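What follows is a set of notes on a single structure, which appears directly below.
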Amino acid sequence: MPGLTRRSAEWSLLVIVILVLMGVFAHRFRVVQGQGELAAIKTTLGALRTALVLDHLHTAVVAGGQSVATTQRNPFLLLDHVPANYAGVLGDVQPEAVSPGKWVFDAYCACIGYAPLYPYATDGAGDVPMVWFLISAPPGPLHITPLHAYRWQGELIN
C-alpha cells in the first residue's frame, strides 16, 4: 500500500479497537447508571410504603389516634429522616425547578414525583420529565401506585 506502512496500519487497527472498546464501555456504564437509579427509586418507594403501613398499624393500636399520613398524605413526613434528595412540597417548589434526582410531594393530587437523574433510562428516550406515584386510600394503609405504566430500561416501575 503506497503511503501506508505496516506500523501505521498496526496503529490504526489499535486505535479502532480502543474506540470500539470505549463505545462498549460507555454503553454498559449508562446501563449500570440507570440500574443504580432504579434501585434508589425502588428503595425510596419501599421505605415510604413501609412507613405508611407502620403509621396505619400505630394509628389502629392507639384508639382515636390521628395519622399524619391520613391528614396530609405526605409519606415523607412519616420517615425518621427525610431523604437528602427530597425537594419539598410542590407549590413551594415548581415542577420545572425540581432538580434531577429529587423527590417532591404534590398535596393537590396527593402524589409524589421523582425527576429522573438519568432520563435516558426511561423508555421513550427521556420524554418523561417526572415519574409520578399516586397515594390512594383504600381500606387499610395508604398505597403508593404509579400514575402511569412507567418503564425503566424495560422494567416496569411499581
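In the C-alpha cells, the first chain shown is A, the next is B, and so on; residue numbers restart at 1 for each chain, and ligands run from 1 in the order shown.
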
_Can you pull out the residues contacting stretch 37-39 of chain A? Cut-off 12 Å, using only C-alpha atoms, and skip same-chain residues under 5 positions away; I want them as a ChimeraX atom specification._
/A:30-32,44-46,100-102,114-122,131,150-158

For those residues, write C-alpha atoms to a file as a compact mmCIF listing (two decimals), in the first residue's frame.
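out.txt was written with the following content:
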```txt
# COMPACT_ATOMS: atom_id res chain seq x y z
CA ARG A 30 -25.01 4.12 31.08
CA VAL A 31 -26.92 0.87 31.66
CA VAL A 32 -25.37 0.46 35.11
CA THR A 44 -37.26 5.08 48.47
CA LEU A 45 -40.68 3.73 47.45
CA GLY A 46 -40.16 0.72 49.73
CA PRO A 100 -32.84 15.84 38.59
CA GLY A 101 -32.68 13.11 41.20
CA LYS A 102 -35.11 14.85 43.59
CA TYR A 114 -39.43 11.96 41.01
CA ALA A 115 -37.32 13.84 38.47
CA PRO A 116 -35.03 11.26 36.84
CA LEU A 117 -31.33 11.86 37.20
CA TYR A 118 -30.69 9.85 34.03
CA PRO A 119 -33.82 10.41 31.88
CA TYR A 120 -32.37 8.31 29.07
CA ALA A 121 -33.14 5.24 31.20
CA THR A 122 -36.89 5.82 30.94
CA VAL A 131 -42.34 9.98 37.28
CA TYR A 150 -43.59 3.76 33.57
CA ARG A 151 -40.81 1.59 32.19
CA TRP A 152 -37.20 1.97 33.22
CA GLN A 153 -34.82 0.18 30.87
CA GLY A 154 -37.65 -2.17 30.01
CA GLU A 155 -38.60 -2.87 33.64
CA LEU A 156 -41.96 -1.71 35.00
CA ILE A 157 -41.65 0.73 37.91
CA ASN A 158 -44.12 -0.12 40.65
```

*Looking only at strand (DSSP E or B) from DSSP on the backbone, list the matching residues of chain A as number ranges by chain.*
A: 86-90, 93, 103-106, 111-114, 122, 131-136, 143-146, 151-152, 155-156

*For atom CA of A:Val104 and atom CA of A:Tyr86, quote the distance in Å rounded to one decimal.*
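Pair atom CA of A:Val104 / atom CA of A:Tyr86 returns 6.1 Å.
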
*For A:Thr50, which of A:Pro75, A:Val98, A:Arg28, A:Thr5 is the closest residue, counting only C-alpha atoms?*
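Counting only C-alpha atoms, the residue closest to A:Thr50 is A:Pro75.
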